[in-house]
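Enquirer: Take this structure first; my questions come after.
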Amino acid sequence: MSRLDSMLRRLAAQRDGLNWMADQITGIEGDVVDFGLGNGRTYDHLREILPDRRIWVMDRVLQCHPSCTPPAEDFLQGEAEPMLRKLRETGVKIALAHYDFGSGIKDNDVAESARLSPLIAAIMQPGGYLVSGQPLVGFEQIKGPDTIAPDRYLFYRA
Ligand SMILES: C[S@@+](CC[C@H](N)C(=O)[O-])C[C@H]1O[C@@H](n2cnc3c(N)ncnc32)[C@H](O)[C@@H]1O
């Protein structure tokens with residue numbers, strides 16, 4: 001598969017997965033977090049489909065499209081580990097987490113998602129959901145929407 005096809009499948013999986021999860025979390029209290037602001041595409045989508053939720057967003061750098069700049073109070077700028085601890089200290093509970101950290105080097109990305117999983121678990125609302133481009137550890141893996149190949153994007157319940 002070309003990298004262009006792979007990218008298109010990834011973006012479609014993100015959109016379909018986030019739309020599907022927005023329905024799943026109806027009735028579950030809590031905020032939303034987007035791990036990896038990047039260009040701001042998934043953050044922008046989340047705020048469009050979940051306008052009534054507070055959406056935290058985390059990244060070591062602020063380099064998104066200007067139209068997707070999050071409010072300063074919702075942006076956690078820094079390395080994931082200290083920022084996850086900071087978020088935990090606020091006492092928030094997360095109903096939906098989208099994990100989109102990654103460097104493109106699979107071994108490193110899988111090791112990082114495993115290392116961060118316990119810190120992510122500590123901020124999740126019991127019964128909350130996670131959508132992830134990398135495997136997470138310690139959550140119940142669930143089947144996502146039929147439009148997404150099972151290995152393309154991953155779905156979990158806390
Ligand atoms: C694939 S991009 C996110 C794309 C974004 N969700 C979008 O739709 O535009 C991954 C982002 O995660 C950030 N990142 C990766 N590992 C990180 C870490 N350990 N701590 C903080 N940010 C990290 C990178 O700076 C990068 O902007």
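In the structure tokens, each chain is lettered A, B, ... as it comes, each chain's residues begin at 1, and ligands are numbered from 1 in order of appearance.
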Any chance you could tabulate, as a Markdown table, the residues of chain A at most 7 Å from ligand 1 with each one's nearest atom pair and distance in Å to one decimal, using only C-alpha atoms and all ligand atoms, in chain and rising number order?

Expert:
```
| residue | atom | partner | partner_atom_place_in_ligand_line | distance |
| --- | --- | --- | --- | --- |
| A:Asp34 | CA | ligand 1 | 6 (N) | 7.0 |
| A:Phe35 | CA | ligand 1 | 12 (O) | 6.7 |
| A:Gly36 | CA | ligand 1 | 12 (O) | 3.7 |
| A:Leu37 | CA | ligand 1 | 5 (C) | 4.6 |
| A:Gly38 | CA | ligand 1 | 27 (O) | 3.4 |
| A:Asn39 | CA | ligand 1 | 9 (O) | 3.6 |
| A:Gly40 | CA | ligand 1 | 9 (O) | 4.0 |
| A:Arg41 | CA | ligand 1 | 8 (O) | 3.7 |
| A:Thr42 | CA | ligand 1 | 8 (O) | 3.9 |
| A:Tyr43 | CA | ligand 1 | 8 (O) | 6.4 |
| A:Met58 | CA | ligand 1 | 22 (N) | 6.4 |
| A:Asp59 | CA | ligand 1 | 22 (N) | 3.7 |
| A:Arg60 | CA | ligand 1 | 21 (C) | 4.1 |
| A:Val61 | CA | ligand 1 | 25 (O) | 5.6 |
| A:Gly78 | CA | ligand 1 | 21 (C) | 5.6 |
| A:Glu79 | CA | ligand 1 | 20 (N) | 3.7 |
| A:Ala80 | CA | ligand 1 | 20 (N) | 3.8 |
| A:Asp100 | CA | ligand 1 | 3 (C) | 5.2 |
| A:Phe101 | CA | ligand 1 | 12 (O) | 4.0 |
| A:Gly102 | CA | ligand 1 | 15 (C) | 4.8 |
| A:Ser103 | CA | ligand 1 | 15 (C) | 6.2 |
```

Enquirer: For Arg15 in chain A, please output as a PyMOL selection string all residues within 12 Å (counting only C-alpha atoms; exclusion window: fewer than 2 positions along the same chain).

Expert: chain A and resi 8-13+17-22+41-46+48-49+98+131-132+145+147-148+153

Enquirer: Keeping only C-alpha atoms, write the selected residues as a tab-separated table (two decimals), in the first residue's frame.

Expert:
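Saved file again26.tsv follows:
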```tsv
chain	number	residue	atom	x	y	z
A	8	LEU	CA	-6.02	8.29	3.67
A	9	ARG	CA	-7.04	5.14	5.54
A	10	ARG	CA	-5.63	6.52	8.79
A	11	LEU	CA	-7.48	9.83	8.49
A	12	ALA	CA	-10.75	8.10	7.58
A	13	ALA	CA	-10.31	5.72	10.53
A	17	GLY	CA	-13.67	6.21	15.05
A	18	LEU	CA	-14.15	9.57	16.74
A	19	ASN	CA	-17.68	9.93	15.35
A	20	TRP	CA	-18.55	6.45	16.60
A	21	MET	CA	-17.07	7.12	20.03
A	22	ALA	CA	-18.93	10.42	20.37
A	41	ARG	CA	-7.14	18.18	12.72
A	42	THR	CA	-8.48	15.70	15.27
A	43	TYR	CA	-8.79	18.40	17.93
A	44	ASP	CA	-10.86	20.47	15.50
A	45	HIS	CA	-13.05	17.46	14.73
A	46	LEU	CA	-13.57	16.63	18.39
A	48	GLU	CA	-17.09	20.05	16.31
A	49	ILE	CA	-18.73	16.74	17.27
A	98	HIS	CA	-7.89	9.92	21.61
A	131	VAL	CA	-9.53	5.50	20.52
A	132	SER	CA	-5.91	4.90	19.60
A	145	PRO	CA	-17.14	0.49	13.79
A	147	THR	CA	-15.91	0.71	8.44
A	148	ILE	CA	-12.49	0.44	10.13
A	153	TYR	CA	-7.29	1.90	14.65
```

Enquirer: List every residue of chain A that DSSP, applied to the backbone of this structure, assigns to strand (DSSP E), and report them as number ranges by chain.

Expert: A: 31-35, 55-59, 75-77, 94-99, 124-132, 140-142, 154-157

Enquirer: Can you list, as a ChimeraX atom specification, every protein, DNA or RNA residue that comes within 9 Å of Arg54 in chain A when you count only C-alpha atoms, leaving out same-chain residues fewer than 6 positions away?

Expert: /A:30-33,47,74

Enquirer: Convert the current residue selection to file output with C-alpha atoms, as a short mmCIF file (atom, residue, chain, number, x, y, z; two decimals), in the first residue's frame.

Expert:
```cif
data_model
loop_
_atom_site.label_atom_id
_atom_site.label_comp_id
_atom_site.auth_asym_id
_atom_site.auth_seq_id
_atom_site.Cartn_x
_atom_site.Cartn_y
_atom_site.Cartn_z
CA GLY A 30 -16.25 13.54 31.91
CA ASP A 31 -14.00 15.53 29.64
CA VAL A 32 -12.25 14.62 26.41
CA VAL A 33 -8.50 14.56 25.78
CA ARG A 47 -14.69 20.16 19.25
CA ASP A 74 -7.04 23.48 27.88
#
```

Enquirer: Grab the CA of Gly104 in chain A to CA of Arg88 in chain A distance for me, in Å with one decimal place.

Expert: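 That distance, rounded to one decimal, is 27.4 Å.
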
Enquirer: For Tyr99 in chain A, which residue out of A:Cys68, A:Ile123, A:Leu76, A:Leu136 is the nearest one, using only C-alpha atoms?

Expert: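 Checking each candidate against Tyr99 in chain A, we get A:Leu136 as the closest.
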